[in-house]
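Structure file data_0.cif; described as mmCIF, C-alpha atoms.
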data_work
loop_
_atom_site.label_atom_id
_atom_site.label_comp_id
_atom_site.auth_asym_id
_atom_site.auth_seq_id
_atom_site.Cartn_x
_atom_site.Cartn_y
_atom_site.Cartn_z
CA MET A 16 17.84 -1.15 -29.39
CA LYS A 17 20.67 -3.46 -28.25
CA ASN A 18 20.41 -2.07 -24.72
CA LEU A 19 16.65 -2.58 -24.69
CA ILE A 20 16.93 -6.17 -25.86
CA PHE A 21 19.55 -6.89 -23.20
CA PHE A 22 17.38 -5.32 -20.49
CA LEU A 23 14.36 -7.39 -21.43
CA PHE A 24 16.44 -10.54 -21.60
CA ALA A 25 18.07 -9.82 -18.24
CA SER A 26 14.71 -9.06 -16.64
CA THR A 27 13.25 -12.31 -17.93
CA VAL A 28 16.13 -14.32 -16.50
CA TYR A 29 15.86 -12.54 -13.16
CA VAL A 30 12.13 -13.07 -12.80
CA ALA A 31 12.45 -16.72 -13.73
CA ALA A 32 14.94 -17.34 -10.91
CA LYS A 33 13.18 -19.16 -8.09
CA VAL A 34 13.64 -17.75 -4.59
CA ALA A 35 13.15 -20.47 -2.00
CA ASP A 36 10.85 -19.71 0.91
CA PRO A 37 13.17 -18.88 3.80
CA VAL A 38 13.39 -20.59 7.16
CA PRO A 39 13.32 -18.20 10.14
CA LEU A 40 16.66 -17.63 11.82
CA ALA A 41 17.16 -20.07 14.70
CA ILE A 42 17.35 -18.95 18.32
CA GLY A 43 21.01 -18.47 19.19
CA ALA A 44 22.07 -17.71 15.62
CA PRO A 45 24.22 -14.61 14.95
CA ALA A 46 22.62 -11.60 13.30
CA PRO A 47 23.28 -11.65 9.54
CA ASP A 48 25.12 -8.57 8.39
CA PHE A 49 23.59 -6.13 5.93
CA THR A 50 24.29 -2.92 4.07
CA LEU A 51 21.04 -1.35 2.91
CA PRO A 52 19.74 2.09 1.90
CA ALA A 53 17.35 3.87 4.25
CA THR A 54 14.60 6.40 3.71
CA ASP A 55 16.62 9.05 5.56
CA GLY A 56 19.22 9.05 2.76
CA LYS A 57 21.84 7.02 4.65
CA MET A 58 23.23 3.51 4.27
CA TYR A 59 23.06 1.26 7.34
CA SER A 60 25.01 -1.83 8.30
CA LEU A 61 24.97 -4.03 11.38
CA ARG A 62 28.01 -2.21 12.74
CA ASP A 63 26.05 1.07 12.88
CA PHE A 64 24.20 -0.39 15.88
CA SER A 65 27.26 -1.83 17.61
CA THR A 66 26.93 0.31 20.75
CA ALA A 67 23.39 -0.84 21.49
CA LYS A 68 22.85 -3.34 24.31
CA ILE A 69 20.05 -4.95 22.34
CA LEU A 70 19.14 -4.75 18.66
CA VAL A 71 15.58 -5.15 17.40
CA VAL A 72 15.15 -5.85 13.67
CA VAL A 73 11.55 -5.53 12.45
CA PHE A 74 10.57 -6.70 8.98
CA THR A 75 7.61 -4.60 7.88
CA CYS A 76 6.31 -2.74 4.82
CA ASN A 77 4.07 0.04 3.54
CA HIS A 78 1.05 -1.75 2.16
CA CYS A 79 0.12 -4.48 4.64
CA PRO A 80 -2.82 -3.57 6.93
CA THR A 81 -1.25 -5.53 9.78
CA ALA A 82 2.03 -3.68 9.34
CA GLN A 83 0.19 -0.36 9.38
CA ALA A 84 -1.70 -1.40 12.51
CA TYR A 85 1.62 -1.80 14.33
CA GLU A 86 3.43 1.34 13.12
CA ASP A 87 2.58 3.47 16.15
CA ARG A 88 3.43 0.62 18.53
CA ILE A 89 6.83 0.24 16.89
CA LYS A 90 7.41 3.97 17.34
CA GLN A 91 6.44 3.65 21.00
CA LEU A 92 8.92 0.81 21.45
CA VAL A 93 11.65 3.23 20.34
CA VAL A 94 10.43 5.92 22.74
CA ASP A 95 10.30 3.50 25.68
CA TYR A 96 13.43 1.44 25.07
CA LYS A 97 15.97 3.63 23.27
CA PRO A 98 16.92 5.35 26.57
CA LYS A 99 17.65 1.87 27.95
CA GLY A 100 20.16 1.08 25.21
CA VAL A 101 17.89 -0.69 22.73
CA ALA A 102 18.27 0.11 19.02
CA LEU A 103 15.51 -0.65 16.52
CA VAL A 104 15.75 -0.84 12.74
CA ALA A 105 12.99 -1.72 10.29
CA ILE A 106 13.56 -3.47 6.96
CA SER A 107 11.08 -3.84 4.12
CA PRO A 108 11.69 -7.25 2.54
CA ASN A 109 9.14 -6.83 -0.26
CA ASP A 110 9.85 -6.67 -3.98
CA PRO A 111 7.43 -3.95 -5.17
CA LEU A 112 7.12 -5.66 -8.57
CA SER A 113 5.68 -8.71 -6.80
CA VAL A 114 2.71 -6.78 -5.40
CA ARG A 115 -0.55 -6.62 -7.37
CA LEU A 116 -2.68 -3.49 -7.37
CA ASP A 117 -5.55 -5.39 -5.80
CA GLU A 118 -3.27 -6.19 -2.86
CA LEU A 119 -3.11 -2.45 -2.06
CA GLY A 120 -6.67 -2.09 -0.81
CA TYR A 121 -5.65 -0.85 2.64
CA THR A 122 -3.04 1.69 1.64
CA ASP A 123 -2.14 4.62 -0.58
CA LEU A 124 1.36 3.29 -1.30
CA ASN A 125 3.16 0.33 -2.80
CA ASP A 126 6.46 -0.95 -1.35
CA SER A 127 8.93 0.80 -3.66
CA PHE A 128 11.86 2.64 -2.09
CA GLU A 129 10.47 6.02 -3.20
CA GLU A 130 7.10 5.23 -1.65
CA MET A 131 8.79 4.05 1.54
CA LYS A 132 10.28 7.53 1.81
CA ILE A 133 6.77 8.98 1.64
CA ARG A 134 5.51 6.67 4.41
CA TYR A 135 8.59 7.44 6.52
CA ASN A 136 7.82 11.16 6.35
CA ASP A 137 4.04 10.80 6.68
CA LYS A 138 4.33 8.75 9.86
CA GLN A 139 7.45 10.51 11.20
CA PHE A 140 9.19 7.23 11.92
CA ASN A 141 11.75 7.55 14.73
CA PHE A 142 13.79 4.58 13.52
CA PRO A 143 15.73 3.78 10.31
CA TYR A 144 13.52 2.26 7.59
CA LEU A 145 15.63 0.17 5.19
CA TYR A 146 14.85 -1.14 1.70
CA ASP A 147 15.70 -4.74 0.77
CA GLY A 148 13.26 -5.01 -2.14
CA GLU A 149 15.97 -4.87 -4.77
CA ASN A 150 16.65 -8.58 -4.36
CA SER A 151 15.48 -9.46 -0.80
CA GLN A 152 18.80 -11.19 -0.11
CA VAL A 153 19.20 -9.84 3.42
CA SER A 154 15.63 -10.72 4.31
CA GLN A 155 16.13 -14.25 3.01
CA ARG A 156 18.90 -14.74 5.56
CA TYR A 157 16.68 -13.63 8.45
CA GLY A 158 13.61 -15.49 7.22
CA PRO A 159 10.61 -13.29 8.10
CA GLN A 160 7.33 -15.09 7.56
CA ALA A 161 4.93 -12.13 7.55
CA THR A 162 4.85 -8.40 8.07
CA PRO A 163 5.57 -7.40 10.75
CA HIS A 164 8.08 -9.97 12.10
CA VAL A 165 10.45 -9.14 14.97
CA PHE A 166 13.99 -10.46 15.61
CA ILE A 167 15.67 -9.46 18.89
CA PHE A 168 19.44 -9.84 19.35
CA ASP A 169 21.43 -9.55 22.58
CA ALA A 170 24.70 -7.67 23.13
CA ASP A 171 26.61 -10.44 21.37
CA ARG A 172 24.12 -10.19 18.50
CA LYS A 173 22.75 -13.67 19.11
CA LEU A 174 19.06 -14.14 18.39
CA ARG A 175 17.06 -14.34 21.62
CA TYR A 176 13.49 -13.78 20.41
CA THR A 177 11.64 -14.00 17.10
CA GLY A 178 7.96 -13.56 16.30
CA ARG A 179 5.13 -11.13 16.89
CA ILE A 180 5.06 -7.76 18.62
CA ASP A 181 2.01 -8.73 20.66
CA ASP A 182 -1.13 -10.84 20.37
CA GLY A 183 -3.58 -8.11 19.31
CA GLU A 184 -3.45 -6.78 15.78
CA LYS A 185 -5.99 -4.01 16.40
CA PRO A 186 -4.53 -1.21 18.52
CA GLY A 187 -5.53 -1.50 22.15
CA THR A 188 -6.54 -5.18 22.06
CA ALA A 189 -3.27 -6.90 23.00
CA LYS A 190 -3.08 -8.94 26.19
CA THR A 191 0.39 -10.45 25.76
CA HIS A 192 3.22 -8.09 24.80
CA ASP A 193 5.82 -10.59 23.63
CA THR A 194 8.40 -8.14 22.27
CA ARG A 195 8.27 -5.99 25.40
CA ASN A 196 8.49 -9.06 27.60
CA ALA A 197 11.59 -10.23 25.73
CA LEU A 198 13.25 -6.81 25.94
CA ASP A 199 12.50 -6.47 29.66
CA ALA A 200 14.00 -9.88 30.35
CA LEU A 201 17.16 -9.23 28.35
CA LEU A 202 17.70 -5.82 29.95
CA LYS A 203 17.71 -7.62 33.32
CA ASP A 204 20.13 -10.26 31.99
CA ASN A 205 17.42 -12.87 32.31
CA SER A 206 16.48 -15.56 29.83
CA VAL A 207 13.50 -14.95 27.57
CA SER A 208 10.63 -17.15 28.74
CA VAL A 209 8.96 -17.29 25.32
CA GLU A 210 11.69 -17.26 22.68
CA LYS A 211 9.54 -17.81 19.60
CA THR A 212 5.96 -17.06 18.62
CA LYS A 213 3.90 -17.28 15.47
CA THR A 214 3.51 -14.17 13.33
CA PHE A 215 0.36 -12.87 11.68
CA GLY A 216 0.14 -10.52 8.71
CA CYS A 217 0.70 -10.29 4.98
CA SER A 218 3.03 -12.79 3.35
CA VAL A 219 6.41 -11.48 2.23
CA LYS A 220 6.43 -10.54 -1.45
CA TRP A 221 9.60 -12.30 -2.56
CA PRO A 222 10.93 -11.62 -6.10
CA ASP A 223 9.76 -15.02 -7.33
CA LYS A 224 6.17 -13.77 -6.99
CA ARG A 225 6.58 -11.34 -9.88
CA ALA A 226 4.92 -13.74 -12.32
CA TYR A 227 1.86 -13.86 -10.07
CA ALA A 228 1.71 -10.06 -9.95
CA GLU A 229 2.13 -9.81 -13.71
CA SER A 230 -0.73 -12.29 -14.26
CA ALA A 231 -3.15 -9.65 -13.03
CA ALA A 232 -2.81 -7.75 -16.32
CA GLY A 233 -4.28 -10.67 -18.23
CA GLU A 234 -7.16 -10.99 -15.77
CA TRP A 235 -8.05 -7.31 -15.98
CA ALA A 236 -7.87 -7.30 -19.78
CA LYS A 237 -10.72 -9.84 -19.84
CA GLU A 238 -13.10 -7.81 -17.68
CA LYS A 239 -16.19 -6.44 -19.37
CA VAL A 240 -16.37 -2.71 -20.04
CA GLU A 241 -19.77 -1.05 -20.47
CA LEU A 242 -21.16 2.44 -20.92
CA GLN A 243 -24.74 3.24 -19.90
CA THR A 244 -26.79 6.41 -20.08
CA ILE A 245 -27.73 8.17 -16.88
CA THR A 246 -30.72 10.41 -16.20
CA ARG A 247 -30.87 13.40 -13.88
CA ASP A 248 -33.05 11.42 -11.44
CA ALA A 249 -30.51 8.60 -11.38
CA LEU A 250 -27.78 11.20 -10.95
CA ALA A 251 -29.51 12.61 -7.87
CA GLU A 252 -29.76 9.12 -6.39
CA LEU A 253 -26.09 8.53 -7.13
CA LEU A 254 -25.14 11.67 -5.22
CA ARG A 255 -27.31 10.75 -2.23
CA ASN A 256 -25.25 7.57 -1.94
CA ASN A 257 -27.62 5.61 0.25
CA THR A 258 -25.14 2.72 0.38
CA THR A 259 -22.39 1.52 2.70
CA ASP A 260 -19.73 2.33 0.09
CA TYR A 261 -17.51 5.36 -0.28
CA ARG A 262 -18.17 6.56 -3.81
CA LEU A 263 -15.61 8.20 -6.09
CA VAL A 264 -17.12 9.98 -9.10
CA ASN A 265 -15.01 11.19 -12.02
CA ILE A 266 -16.62 13.40 -14.70
CA TRP A 267 -14.74 13.49 -17.97
CA ALA A 268 -14.91 13.61 -21.78
CA THR A 269 -12.85 12.16 -24.61
CA TRP A 270 -12.04 15.63 -25.95
CA CYS A 271 -10.73 16.82 -22.56
CA GLY A 272 -6.93 16.50 -22.52
CA PRO A 273 -6.49 16.56 -18.72
CA CYS A 274 -9.29 13.98 -18.39
CA VAL A 275 -7.47 11.58 -20.67
CA VAL A 276 -4.14 12.15 -18.91
CA GLU A 277 -5.43 11.41 -15.41
CA PHE A 278 -7.85 8.61 -16.32
CA PRO A 279 -5.35 5.73 -15.77
CA SER A 280 -5.02 6.84 -12.13
CA PHE A 281 -8.73 6.15 -11.66
CA VAL A 282 -8.39 2.73 -13.27
CA ASP A 283 -5.62 1.95 -10.78
CA MET A 284 -7.74 3.14 -7.85
CA ASN A 285 -10.61 0.96 -8.98
CA ARG A 286 -8.33 -2.08 -8.99
CA MET A 287 -6.88 -1.16 -5.60
CA TYR A 288 -10.03 -0.46 -3.61
CA ARG A 289 -12.99 -2.19 -5.29
CA ASN A 290 -12.84 -5.17 -2.93
CA ARG A 291 -13.43 -2.79 -0.01
CA ASP A 292 -16.40 -0.54 0.81
CA PHE A 293 -15.67 1.51 -2.27
CA GLU A 294 -17.20 2.19 -5.66
CA LEU A 295 -15.77 4.13 -8.60
CA ILE A 296 -18.15 5.70 -11.11
CA THR A 297 -17.22 7.64 -14.23
CA ILE A 298 -19.59 9.94 -16.11
CA SER A 299 -18.80 11.04 -19.64
CA LEU A 300 -20.10 14.41 -20.85
CA ASP A 301 -19.46 13.56 -24.50
CA ASP A 302 -22.29 14.37 -26.89
CA ALA A 303 -24.62 11.55 -27.92
CA ASP A 304 -22.89 11.16 -31.27
CA ARG A 305 -19.60 10.56 -29.40
CA GLU A 306 -20.92 7.69 -27.27
CA ALA A 307 -19.15 5.05 -29.40
CA ALA A 308 -15.88 6.97 -29.10
CA ALA A 309 -16.31 7.20 -25.32
CA LEU A 310 -16.89 3.45 -25.05
CA LYS A 311 -13.88 2.76 -27.27
CA PHE A 312 -11.73 4.88 -24.96
CA LEU A 313 -13.01 3.06 -21.88
CA ILE A 314 -12.33 -0.33 -23.44
CA ARG A 315 -8.81 0.72 -24.38
CA LYS A 316 -8.20 1.81 -20.78
CA GLN A 317 -9.73 -1.41 -19.39
CA ALA A 318 -12.15 0.71 -17.37
CA SER A 319 -14.33 -2.04 -15.88
CA MET A 320 -15.87 0.18 -13.21
CA LYS A 321 -19.39 1.62 -13.57
CA ASN A 322 -19.37 4.01 -16.54
CA PHE A 323 -22.17 6.37 -17.53
CA ILE A 324 -22.74 8.99 -20.22
CA TYR A 325 -24.98 12.01 -19.74
CA THR A 326 -26.29 13.57 -22.95
CA GLY A 327 -28.88 16.00 -21.61
CA ASP A 328 -28.55 19.68 -20.72
CA LYS A 329 -24.99 20.05 -19.47
CA TYR A 330 -25.67 23.21 -17.49
CA LYS A 331 -28.44 21.51 -15.55
CA PHE A 332 -26.05 18.63 -14.98
CA ILE A 333 -23.42 21.00 -13.55
CA GLU A 334 -25.95 22.52 -11.16
CA ALA A 335 -27.13 19.08 -10.09
CA ILE A 336 -23.61 17.88 -9.35
CA ASP A 337 -22.30 20.85 -7.38
CA LYS A 338 -23.49 24.44 -7.42
CA LYS A 339 -19.92 25.57 -6.67
CA TRP A 340 -18.56 23.79 -9.74
CA GLU A 341 -17.73 26.28 -12.49
CA GLY A 342 -18.15 23.65 -15.22
CA ALA A 343 -14.57 22.91 -16.30
CA LEU A 344 -13.50 19.32 -16.83
CA PRO A 345 -12.35 17.08 -15.31
CA TYR A 346 -14.34 17.15 -12.08
CA THR A 347 -14.04 14.64 -9.25
CA LEU A 348 -16.13 13.98 -6.14
CA PHE A 349 -15.53 11.62 -3.23
CA ILE A 350 -18.74 10.91 -1.37
CA ALA A 351 -19.17 9.16 1.97
CA PRO A 352 -22.10 6.81 2.67
CA GLY A 353 -25.13 9.02 3.22
CA GLY A 354 -24.05 11.65 0.71
CA LYS A 355 -21.50 13.81 2.54
CA VAL A 356 -18.95 15.15 0.03
CA LEU A 357 -15.44 14.61 1.39
CA TYR A 358 -13.59 15.87 -1.70
CA ALA A 359 -14.52 18.02 -4.69
CA LYS A 360 -11.96 18.99 -7.29
CA GLN A 361 -12.19 20.84 -10.59
CA GLY A 362 -9.16 20.01 -12.70
CA ILE A 363 -6.40 17.42 -12.45
CA ILE A 364 -6.34 15.41 -9.23
CA ASP A 365 -3.31 14.64 -7.08
CA PRO A 366 -3.54 10.83 -7.19
CA LEU A 367 -1.49 10.29 -4.04
CA ALA A 368 -3.52 12.79 -2.00
CA LEU A 369 -6.75 11.20 -3.19
CA ARG A 370 -5.52 7.67 -2.43
CA LYS A 371 -4.56 8.82 1.07
CA LEU A 372 -8.07 10.17 1.61
CA ILE A 373 -9.63 6.95 0.32
CA ALA A 374 -7.41 4.71 2.47
CA ASP A 375 -8.00 6.83 5.58
CA SER A 376 -11.76 6.85 4.92
CA ILE A 377 -12.35 3.15 4.28
CA GLY A 378 -9.73 2.14 6.84
CA ARG A 379 -6.12 0.98 6.81
CA ILE A 380 -6.57 -1.97 9.20
CA TYR A 381 -9.24 -4.63 9.63
#
Would you mind giving the structure from this file in structure tokens?
Amino acid sequence: MKNLIFFLFASTVYVAAKVADPVPLAIGAPAPDFTLPATDGKMYSLRDFSTAKILVVVFTCNHCPTAQAYEDRIKQLVVDYKPKGVALVAISPNDPLSVRLDELGYTDLNDSFEEMKIRYNDKQFNFPYLYDGENSQVSQRYGPQATPHVFIFDADRKLRYTGRIDDGEKPGTAKTHDTRNALDALLKDNSVSVEKTKTFGCSVKWPDKRAYAESAAGEWAKEKVELQTITRDALAELLRNNTTDYRLVNIWATWCGPCVVEFPSFVDMNRMYRNRDFELITISLDDADREAAALKFLIRKQASMKNFIYTGDKYKFIEAIDKKWEGALPYTLFIAPGGKVLYAKQGIIDPLALRKLIADSIGRIY
């Protein structure tokens, strides 16, 4: 108990500490040193890149749609410039506890170190991907304003360029390739014509934003939770999905242990994606005399998505949902606009795999 009390007290003090918004590093300033863990299992410091003619430090993250839009271009920078003596390292400045679920609408992952490892492997990054989310102290010294934000240092590790990668967030739309222009100039021992540009992307989630992230819990607790009956005709219309939304349907019951265990994952997905072209619907197969118990469960789980209960012939319901479904609960469908079923699963879902499918379907960039 003493340890728990100390932990809570220490956490409160830490969260209360104000982190000042940083000022971007000035042109000509030396590169701040760092020692940070990377997703490849190593620790990296500035000296690990000492043999490079030029060092590119990119502040980026998992969840930001702009950051994701630039991932392949960052990889291509490594392919094109590593043979010329340019080293590139990426740092995530974000405190994962400062990110709300409803800020994750374009991704399957938050910005924790463990989830960074997943993104590193999924995208096969060809550069070190470092975590500074523990306290963001290194990032504060560089001063990134958004993700992604580039800092380019010469052989003496003096800052020669800071700003955007290029002027087109969507792949294939850029007309001015600022980072490449800076690298090409430096490799020729020329001055950089444009030393600083604006950045565009998600704001950095500094640790002092934890209170804002935590405030979401109070907002969600106030949302109305309802349970309505659904007919077979309405069910057929639901499955046709004549909307512009991708529709996730979870079929469950209060007496179904696996249903209860996985249900919080659906609540999280609703909070993540509901501001996109996405709709989550749950259908309870509890008997009519269990309707009050089903609603009580939904209220306890703060399930403010669309919730239905079907109390008719369950075997006809099973046939109407999916003729390949054997009838065991839980059962989950992911339906594209127009009714095409992209995912059908009897039993416990893999939340990460399903979030990946959702993010890829509704889009990771805008």
Which segment 202-315 of chain A residues have any atom within 12 Å of an atom of segment 153-176 of chain A, and for each, what is the nearest pair of atoms with distance in Å to one decimal, counting all atoms listed in the file, rows sorted by chain and number, as CSV?
residue,atom,partner,partner_atom,distance
A:Leu202,CA,A:Asp169,CA,9.1
A:Lys203,CA,A:Asp169,CA,11.5
A:Asp204,CA,A:Asp169,CA,9.5
A:Asn205,CA,A:Arg175,CA,10.8
A:Ser206,CA,A:Arg175,CA,8.3
A:Val207,CA,A:Arg175,CA,7.0
A:Ser208,CA,A:Tyr176,CA,9.4
A:Val209,CA,A:Tyr176,CA,7.5
A:Glu210,CA,A:Tyr176,CA,4.5
A:Lys211,CA,A:Tyr176,CA,5.7
A:Thr212,CA,A:Tyr176,CA,8.4
A:Lys213,CA,A:Gln160,CA,8.9
A:Thr214,CA,A:Ala161,CA,6.3
A:Phe215,CA,A:Ala161,CA,6.2
A:Gly216,CA,A:Ala161,CA,5.2
A:Cys217,CA,A:Ala161,CA,5.3
A:Ser218,CA,A:Ala161,CA,4.7
A:Val219,CA,A:Ala161,CA,5.6
A:Lys220,CA,A:Ala161,CA,9.3
A:Trp221,CA,A:Gln155,CA,8.8
A:Pro222,CA,A:Gln155,CA,10.8
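Take atom CA of Pro52 of chain A and atom CA of Ser65 of chain A: the distance between them is 17.9 Å.
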Residues matched by the PyMOL selection byres ((chain A and resi 363) around 8), written as a PyMOL selection string: chain A and resi 273-274+277+345-346+360-362+364-365
Expanded to explicit residues, what is the PyMOL selection byres ((chain A and resi 96) around 12) for this file, as a CSV table (one decimal) with C-alpha atoms, in the coordinates of the input?
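Saved file part36.csv follows:
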chain,number,residue,atom,x,y,z
A,67,ALA,CA,23.4,-0.8,21.5
A,68,LYS,CA,22.8,-3.3,24.3
A,69,ILE,CA,20.0,-5.0,22.3
A,70,LEU,CA,19.1,-4.8,18.7
A,71,VAL,CA,15.6,-5.2,17.4
A,88,ARG,CA,3.4,0.6,18.5
A,89,ILE,CA,6.8,0.2,16.9
A,90,LYS,CA,7.4,4.0,17.3
A,91,GLN,CA,6.4,3.6,21.0
A,92,LEU,CA,8.9,0.8,21.4
A,93,VAL,CA,11.6,3.2,20.3
A,94,VAL,CA,10.4,5.9,22.7
A,95,ASP,CA,10.3,3.5,25.7
A,97,LYS,CA,16.0,3.6,23.3
A,98,PRO,CA,16.9,5.4,26.6
A,99,LYS,CA,17.6,1.9,28.0
A,100,GLY,CA,20.2,1.1,25.2
A,101,VAL,CA,17.9,-0.7,22.7
A,102,ALA,CA,18.3,0.1,19.0
A,103,LEU,CA,15.5,-0.6,16.5
A,142,PHE,CA,13.8,4.6,13.5
A,194,THR,CA,8.4,-8.1,22.3
A,195,ARG,CA,8.3,-6.0,25.4
A,196,ASN,CA,8.5,-9.1,27.6
A,197,ALA,CA,11.6,-10.2,25.7
A,198,LEU,CA,13.2,-6.8,25.9
A,199,ASP,CA,12.5,-6.5,29.7
A,201,LEU,CA,17.2,-9.2,28.4
A,202,LEU,CA,17.7,-5.8,30.0
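Interatomic distance, atom CA of Gln139 of chain A against atom CA of Asp87 of chain A: 9.9 Å.
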Which residue of A:Ala359, A:Ala189, A:Ala41, A:Ile266 approaches Tyr325 of chain A most closely, using only C-alpha atoms: A:Ile266
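Comparing the minimum interatomic distances between Tyr358 of chain A and each of A:Glu306, A:Asp292, A:Glu234, A:Asp337, counting all atoms listed in the file, we find that A:Asp337 sits nearest.
Coordinates place atom CA of Asp147 of chain A at a distance of 12.9 Å from atom CA of Asn77 of chain A.
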Reference answer for the PyMOL selection byres ((chain A and resi 291) around 10), as a list in words: Gly120, Tyr121, Asp260, Tyr261, Met287, Tyr288, Arg289, Asn290, Asp292, Phe293, Glu294, Ala374, Ile377 and Gly378 of chain A
Residue neighbourhood Lys190 of chain A, 10 Å, all atoms listed in the file, exclusion window fewer than 4 positions, as a list in words: Asp181, Asp182 and Gly183 of chain A
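The shortest atom-to-atom distance to Gly187 of chain A, with all atoms listed in the file taken into account, belongs to A:Tyr85 out of A:Tyr85, A:Phe281, A:Met58, A:Glu252.
Counting only C-alpha atoms, the residue from A:Ile296, A:Ile180, A:Leu310, A:Ala318 that sits nearest to Ala236 of chain A is A:Ala318.
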Using all atoms listed in the file: which of A:Phe128, A:His78, A:Gly353, A:Ala46 has the shortest distance to Thr258 of chain A: A:Gly353
Residue among A:Ile324, A:Val276, A:Leu367, A:Leu145 lying closest to Phe74 of chain A, counting all atoms listed in the file: A:Leu145
